[in-house]
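Asker: If it helps, the file is called run_38.pdb and holds PDB, C-alpha atoms, pLDDT in the B column:
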ATOM      1  CA  MET J  57       0.000   0.000   0.000  1.00 68.00           C
ATOM      2  CA  ARG J  58       1.368   3.421  -0.973  1.00 77.00           C
ATOM      3  CA  THR J  59       2.108   5.963   1.712  1.00 86.00           C
ATOM      4  CA  LEU J  60       2.941   9.631   1.615  1.00 91.00           C
ATOM      5  CA  SER J  61       6.546   9.931   0.495  1.00 93.00           C
ATOM      6  CA  LYS J  62       8.903  12.801  -0.204  1.00 95.00           C
ATOM      7  CA  GLN J  63       8.425  12.297  -3.942  1.00 96.00           C
ATOM      8  CA  VAL J  64       4.619  12.306  -3.714  1.00 95.00           C
ATOM      9  CA  LEU J  65       4.573  15.434  -1.543  1.00 95.00           C
ATOM     10  CA  ASP J  66       7.155  17.185  -3.723  1.00 96.00           C
ATOM     11  CA  ASP J  67       4.868  16.525  -6.688  1.00 96.00           C
ATOM     12  CA  LEU J  68       2.088  18.441  -4.911  1.00 96.00           C
ATOM     13  CA  PHE J  69       4.459  21.281  -4.061  1.00 97.00           C
ATOM     14  CA  ILE J  70       5.619  21.549  -7.687  1.00 97.00           C
ATOM     15  CA  GLN J  71       2.032  21.668  -8.924  1.00 97.00           C
ATOM     16  CA  LEU J  72       1.089  24.319  -6.358  1.00 97.00           C
ATOM     17  CA  ASP J  73       4.196  26.342  -7.253  1.00 96.00           C
ATOM     18  CA  ASN J  74       2.927  26.501 -10.840  1.00 97.00           C
ATOM     19  CA  LEU J  75      -0.019  28.532  -9.535  1.00 96.00           C
ATOM     20  CA  SER J  76       0.352  32.241  -8.866  1.00 95.00           C
ATOM     21  CA  ILE J  77      -1.241  35.074  -6.955  1.00 95.00           C
ATOM     22  CA  THR J  78      -3.546  35.576  -9.963  1.00 96.00           C
ATOM     23  CA  SER J  79      -4.756  31.956 -10.032  1.00 97.00           C
ATOM     24  CA  LYS J  80      -8.496  31.584  -9.655  1.00 97.00           C
ATOM     25  CA  PRO J  81      -9.989  29.364  -6.913  1.00 97.00           C
ATOM     26  CA  ARG J  82     -11.176  26.831  -9.493  1.00 97.00           C
ATOM     27  CA  GLU J  83      -7.611  26.483 -10.850  1.00 97.00           C
ATOM     28  CA  ILE J  84      -6.328  25.917  -7.322  1.00 98.00           C
ATOM     29  CA  LEU J  85      -9.007  23.302  -6.653  1.00 98.00           C
ATOM     30  CA  THR J  86      -8.268  21.542  -9.949  1.00 97.00           C
ATOM     31  CA  VAL J  87      -4.602  21.163  -9.001  1.00 98.00           C
ATOM     32  CA  ILE J  88      -5.334  19.906  -5.490  1.00 98.00           C
ATOM     33  CA  LEU J  89      -8.025  17.457  -6.611  1.00 97.00           C
ATOM     34  CA  GLY J  90      -5.855  16.219  -9.481  1.00 97.00           C
ATOM     35  CA  TRP J  91      -3.048  15.432  -7.053  1.00 97.00           C
ATOM     36  CA  MET J  92      -5.462  13.818  -4.589  1.00 97.00           C
ATOM     37  CA  ARG J  93      -7.142  11.687  -7.232  1.00 97.00           C
ATOM     38  CA  SER J  94      -3.823  10.458  -8.560  1.00 96.00           C
ATOM     39  CA  ASN J  95      -2.883   9.487  -4.992  1.00 95.00           C
ATOM     40  CA  ALA J  96      -6.245   8.031  -3.937  1.00 94.00           C
ATOM     41  CA  GLU J  97      -4.655   5.021  -2.242  1.00 95.00           C
ATOM     42  CA  ILE J  98      -2.825   7.328   0.165  1.00 94.00           C
ATOM     43  CA  LEU J  99      -6.049   9.148   1.030  1.00 92.00           C
ATOM     44  CA  GLU J 100      -7.618   5.867   2.198  1.00 93.00           C
ATOM     45  CA  GLN J 101      -5.121   5.703   5.064  1.00 93.00           C
ATOM     46  CA  LYS J 102      -4.734   7.549   8.338  1.00 94.00           C
ATOM     47  CA  PRO J 103      -4.427  10.447   8.880  1.00 94.00           C
ATOM     48  CA  PHE J 104      -5.960  11.468   5.524  1.00 95.00           C
ATOM     49  CA  VAL J 105      -9.115   9.413   5.989  1.00 94.00           C
ATOM     50  CA  ASP J 106      -9.615  11.091   9.388  1.00 95.00           C
ATOM     51  CA  TYR J 107      -9.971  14.419   7.565  1.00 94.00           C
ATOM     52  CA  GLN J 108     -12.340  12.923   4.957  1.00 92.00           C
ATOM     53  CA  LEU J 109      -9.974  13.794   2.118  1.00 95.00           C
ATOM     54  CA  ASN J 110     -11.016  10.623   0.307  1.00 93.00           C
ATOM     55  CA  TYR J 111     -14.649  11.820   0.407  1.00 92.00           C
ATOM     56  CA  MET J 112     -13.745  15.360  -0.677  1.00 93.00           C
ATOM     57  CA  SER J 113     -11.666  14.103  -3.602  1.00 95.00           C
ATOM     58  CA  ASN J 114     -14.734  12.363  -5.018  1.00 94.00           C
ATOM     59  CA  LEU J 115     -16.994  15.420  -5.035  1.00 94.00           C
ATOM     60  CA  ASN J 116     -17.937  16.845  -8.431  1.00 95.00           C
ATOM     61  CA  GLU J 117     -16.281  20.249  -8.198  1.00 95.00           C
ATOM     62  CA  ASP J 118     -18.575  21.670 -10.893  1.00 96.00           C
ATOM     63  CA  GLU J 119     -21.534  21.478  -8.479  1.00 96.00           C
ATOM     64  CA  TYR J 120     -19.992  23.698  -5.797  1.00 95.00           C
ATOM     65  CA  PRO J 121     -19.529  27.483  -5.421  1.00 95.00           C
ATOM     66  CA  VAL J 122     -15.764  27.441  -5.886  1.00 96.00           C
ATOM     67  CA  GLU J 123     -15.728  30.824  -7.651  1.00 95.00           C
ATOM     68  CA  TYR J 124     -16.966  32.430  -4.390  1.00 94.00           C
ATOM     69  CA  SER J 125     -14.005  31.079  -2.430  1.00 93.00           C
ATOM     70  CA  ILE J 126     -11.772  33.392  -0.452  1.00 88.00           C
ATOM     71  CA  LEU J 127      -8.786  31.090  -1.077  1.00 92.00           C
ATOM     72  CA  HIS J 128      -6.996  32.964  -3.835  1.00 93.00           C
ATOM     73  CA  GLY J 129      -4.534  35.800  -4.191  1.00 94.00           C
ATOM     74  CA  SER J 130      -2.273  36.494  -1.243  1.00 95.00           C
ATOM     75  CA  GLU J 131      -4.218  34.146   1.053  1.00 94.00           C
ATOM     76  CA  PHE J 132      -3.525  31.227  -1.296  1.00 96.00           C
ATOM     77  CA  ILE J 133       0.172  32.150  -1.506  1.00 96.00           C
ATOM     78  CA  HIS J 134       0.372  32.319   2.300  1.00 94.00           C
ATOM     79  CA  VAL J 135      -1.315  28.909   2.770  1.00 95.00           C
ATOM     80  CA  ARG J 136       0.766  27.327  -0.012  1.00 95.00           C
ATOM     81  CA  ASP J 137       4.015  28.600   1.487  1.00 95.00           C
ATOM     82  CA  PHE J 138       2.952  27.479   4.965  1.00 95.00           C
ATOM     83  CA  LEU J 139       2.127  23.995   3.630  1.00 94.00           C
ATOM     84  CA  LYS J 140       5.577  23.750   2.058  1.00 94.00           C
ATOM     85  CA  LYS J 141       7.227  24.085   5.476  1.00 95.00           C
ATOM     86  CA  TYR J 142       6.144  20.527   6.275  1.00 94.00           C
ATOM     87  CA  THR J 143       7.728  17.261   5.170  1.00 95.00           C
ATOM     88  CA  PHE J 144       6.169  13.936   4.249  1.00 94.00           C
ATOM     89  CA  ARG J 145       6.749  12.852   7.867  1.00 94.00           C
ATOM     90  CA  ASP J 146       4.203  15.491   8.956  1.00 95.00           C
ATOM     91  CA  ALA J 147       1.282  13.675   7.333  1.00 94.00           C
ATOM     92  CA  LYS J 148      -1.240  14.766   9.978  1.00 96.00           C
ATOM     93  CA  PHE J 149      -0.419  18.446   9.438  1.00 96.00           C
ATOM     94  CA  ILE J 150      -0.489  17.999   5.652  1.00 96.00           C
ATOM     95  CA  ALA J 151      -3.906  16.313   5.905  1.00 96.00           C
ATOM     96  CA  SER J 152      -5.226  19.069   8.162  1.00 95.00           C
ATOM     97  CA  LEU J 153      -4.014  21.856   5.873  1.00 95.00           C
ATOM     98  CA  LEU J 154      -5.381  20.157   2.755  1.00 96.00           C
ATOM     99  CA  SER J 155      -8.714  19.714   4.516  1.00 94.00           C
ATOM    100  CA  GLY J 156      -8.765  23.395   5.429  1.00 91.00           C
ATOM    101  CA  MET J 157      -7.919  24.403   1.874  1.00 94.00           C
ATOM    102  CA  LEU J 158     -10.697  22.222   0.492  1.00 95.00           C
ATOM    103  CA  ASP J 159     -13.176  23.665   2.992  1.00 91.00           C
ATOM    104  CA  LYS J 160     -12.302  27.168   1.799  1.00 91.00           C
ATOM    105  CA  LEU J 161     -12.693  26.085  -1.837  1.00 95.00           C
ATOM    106  CA  PHE J 162     -15.839  23.925  -1.656  1.00 93.00           C
ATOM    107  CA  PHE J 163     -17.879  25.785   0.957  1.00 91.00           C
ATOM    108  CA  LEU J 164     -19.487  29.171   0.820  1.00 93.00           C
ATOM    109  CA  GLU J 165     -18.354  31.323   3.716  1.00 91.00           C
ATOM    110  CA  ILE J 166     -20.924  33.861   4.874  1.00 90.00           C
ATOM    111  CA  ASP J 167     -20.303  36.946   6.975  1.00 89.00           C
ATOM    112  CA  ILE J 168     -22.234  35.976  10.083  1.00 87.00           C
ATOM    113  CA  GLU J 169     -20.793  35.950  13.590  1.00 89.00           C
ATOM    114  CA  CYS J 170     -20.669  32.729  15.591  1.00 89.00           C
ATOM    115  CA  SER J 171     -22.866  32.943  18.686  1.00 88.00           C
ATOM    116  CA  ILE J 172     -20.383  30.789  20.622  1.00 90.00           C
ATOM    117  CA  CYS J 173     -16.928  32.261  19.885  1.00 92.00           C
ATOM    118  CA  GLN J 174     -17.921  35.512  18.124  1.00 92.00           C
ATOM    119  CA  SER J 175     -15.627  34.888  15.161  1.00 88.00           C
ATOM    120  CA  GLY J 176     -16.922  35.823  11.725  1.00 85.00           C
ATOM    121  CA  GLY J 177     -17.213  33.672   8.655  1.00 85.00           C
ATOM    122  CA  LEU J 178     -19.506  30.668   8.909  1.00 90.00           C
ATOM    123  CA  LEU J 179     -19.407  27.837   6.369  1.00 90.00           C
ATOM    124  CA  VAL J 180     -22.694  26.743   4.804  1.00 92.00           C
ATOM    125  CA  TRP J 181     -23.521  23.023   4.857  1.00 90.00           C
ATOM    126  CA  LYS J 182     -26.613  21.035   4.018  1.00 90.00           C
ATOM    127  CA  ASN J 183     -28.197  18.562   6.401  1.00 86.00           C
ATOM    128  CA  GLU J 184     -28.588  15.621   4.048  1.00 84.00           C
ATOM    129  CA  LEU J 185     -31.258  14.048   6.250  1.00 81.00           C
ATOM    130  CA  GLY J 186     -33.531  17.081   6.285  1.00 78.00           C
ATOM    131  CA  GLY J 187     -32.314  19.005   3.260  1.00 82.00           C
ATOM    132  CA  LYS J 188     -31.928  22.201   5.287  1.00 86.00           C
ATOM    133  CA  LEU J 189     -28.901  24.481   5.203  1.00 89.00           C
ATOM    134  CA  VAL J 190     -26.869  24.948   8.378  1.00 89.00           C
ATOM    135  CA  HIS J 191     -23.927  27.158   9.331  1.00 89.00           C
ATOM    136  CA  GLU J 192     -20.691  25.909  10.874  1.00 89.00           C
ATOM    137  CA  CYS J 193     -18.148  28.106  12.587  1.00 88.00           C
ATOM    138  CA  ALA J 194     -14.769  27.530  10.954  1.00 80.00           C
ATOM    139  CA  GLN J 195     -13.078  28.668  14.175  1.00 83.00           C
ATOM    140  CA  CYS J 196     -14.756  26.637  16.940  1.00 87.00           C
ATOM    141  CA  GLY J 197     -16.693  24.060  14.883  1.00 84.00           C
ATOM    142  CA  PHE J 198     -20.090  24.841  16.389  1.00 87.00           C
ATOM    143  CA  VAL J 199     -22.949  24.025  14.009  1.00 85.00           C
ATOM    144  CA  HIS J 200     -25.731  26.603  13.969  1.00 79.00           C
ATOM    145  CA  PHE J 201     -28.918  24.822  12.963  1.00 72.00           C
ATOM    146  CA  LEU J 202     -31.480  27.092  11.399  1.00 59.00           C
ATOM    147  CA  GLU J 203     -34.093  24.719  12.780  1.00 60.00           C
ATOM    148  CA  GLN J 204     -33.603  22.223  15.586  1.00 63.00           C
ATOM    149  CA  ASP J 205     -32.809  19.029  13.700  1.00 56.00           C
ATOM    150  CA  VAL J 206     -32.296  16.047  15.980  1.00 60.00           C
ATOM    151  CA  GLU J 207     -30.581  13.880  13.378  1.00 65.00           C
ATOM    152  CA  TYR J 208     -28.162  15.152  10.813  1.00 70.00           C
ATOM    153  CA  HIS J 209     -25.560  14.194   8.254  1.00 79.00           C
ATOM    154  CA  LEU J 210     -23.806  17.258   6.915  1.00 83.00           C
ATOM    155  CA  VAL J 211     -22.646  17.505   3.315  1.00 87.00           C
ATOM    156  CA  PRO J 212     -21.402  20.485   1.306  1.00 90.00           C
ATOM    157  CA  ALA J 213     -24.184  22.686  -0.065  1.00 93.00           C
ATOM    158  CA  THR J 214     -24.174  22.873  -3.857  1.00 95.00           C
ATOM    159  CA  THR J 215     -24.247  26.058  -5.892  1.00 96.00           C
ATOM    160  CA  LEU J 216     -27.845  25.347  -6.888  1.00 95.00           C
ATOM    161  CA  GLU J 217     -28.943  24.883  -3.263  1.00 94.00           C
ATOM    162  CA  LEU J 218     -27.188  28.096  -2.241  1.00 95.00           C
ATOM    163  CA  LYS J 219     -28.841  30.009  -5.091  1.00 95.00           C
ATOM    164  CA  GLN J 220     -32.256  28.629  -4.131  1.00 94.00           C
ATOM    165  CA  ALA J 221     -31.657  29.827  -0.560  1.00 91.00           C
ATOM    166  CA  GLY J 222     -30.677  33.285  -1.826  1.00 92.00           C
ATOM    167  CA  LEU J 223     -27.133  33.086  -0.458  1.00 92.00           C
ATOM    168  CA  ILE J 224     -25.478  33.616  -3.847  1.00 90.00           C
TER     169      ILE J 224
END
Reformat the file's structure so that it appears as structure tokens.
Answerer:
Amino acid sequence: MRTLSKQVLDDLFIQLDNLSITSKPREILTVILGWMRSNAEILEQKPFVDYQLNYMSNLNEDEYPVEYSILHGSEFIHVRDFLKKYTFRDAKFIASLLSGMLDKLFFLEIDIECSICQSGGLLVWKNELGGKLVHECAQCGFVHFLEQDVEYHLVPATTLELKQAGLI
């Protein structure tokens, strides 16, 4: 079974280095997903599976509001350069950073303050069991249910669902 190696991680770094401050969020996502899909066997192992990177790599990126992402420009360059400080031995940190990047690319972030930690910028999810949209604080992880759902299974909200809700 393949594991994260220096060569595999260097391949990601080279691909990310080919992107620039002017790269659009969809270009960034295409590079990350391309690398992930070509290394799917690695994503089935810990710690990557703990961050659901295998699930995220199988999403159809055309269905999500990637063009509304805040991960571009100087923020992308900062995250990319921070990621490159790690080695293949830091797989947990790599998995965590990739997960965070994908969250910023796949999810719409809305300018609402978290009632728990007062940080701004909540991610919009869909409760697959009820079909309702919910907000998650990217800082503390608290999920703000718009209605009190007892059972839930959260999935990314699609562009169509966000448009129907009037969020984009």
Asker: When distances are computed from only C-alpha atoms, which of J:Leu223, J:Cys173, J:Ile166, J:Val135 shows the smallest separation from J:Leu153?
Answerer: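 Ranked by minimum distance to J:Leu153, first place goes to J:Val135.
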Asker: Work out how far apart atom CA of J:Met92 and atom CA of J:His209 are and give it in Å to one decimal.
Answerer: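 Spanning atom CA of J:Met92 to atom CA of J:His209 is a straight-line distance of 23.9 Å.
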Asker: Any idea what the distance is between atom CA of J:Val180 and atom CA of J:Leu161?
Answerer: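 Separation between atom CA of J:Val180 and atom CA of J:Leu161: 12.0 Å.
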Asker: Scan for residues within 12 Å of the point (-14.1, 21.8, 8.4) in the coordinates of the file, using all atoms listed in the file, and reply as a ChimeraX atom specification.
Answerer: /J:106-109,112,151-165,178-181,191-199,210-212
Asker: Which residue is closest to J:Asn116? Choose from J:Ile77, J:Leu60, J:Ile84, J:Leu89 and count all atoms listed in the file.
Answerer: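 Smallest distance to J:Asn116 is found for J:Leu89.
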Asker: How far is it from atom CA of J:Leu99 to atom CA of J:Ser113, in Å with one decimal?
Answerer: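 So the answer is 8.8 Å.
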Asker: For each of J:Val105, J:Leu85, J:Ile168, J:Leu218, take the minimum atom-to-atom distance to J:His128, counting only C-alpha atoms, then give the residue where this is smallest.
Answerer: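 Going through J:Val105, J:Leu85, J:Ile168, J:Leu218 one by one, the smallest distance to J:His128 is for J:Leu85.
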Asker: Starting from the displayed file, determine the output of the PyMOL selection byres ((chain J and resi 143) around 12) and express the residue list as a VMD selection string.
Answerer: chain J and resid 60 to 66 68 to 69 138 to 142 144 to 151
Asker: Could you tell me which of J:Glu100, J:Asp67, J:Glu123, J:Asp73 comes closest to J:Thr215 if we count only C-alpha atoms?
Answerer: J:Glu123
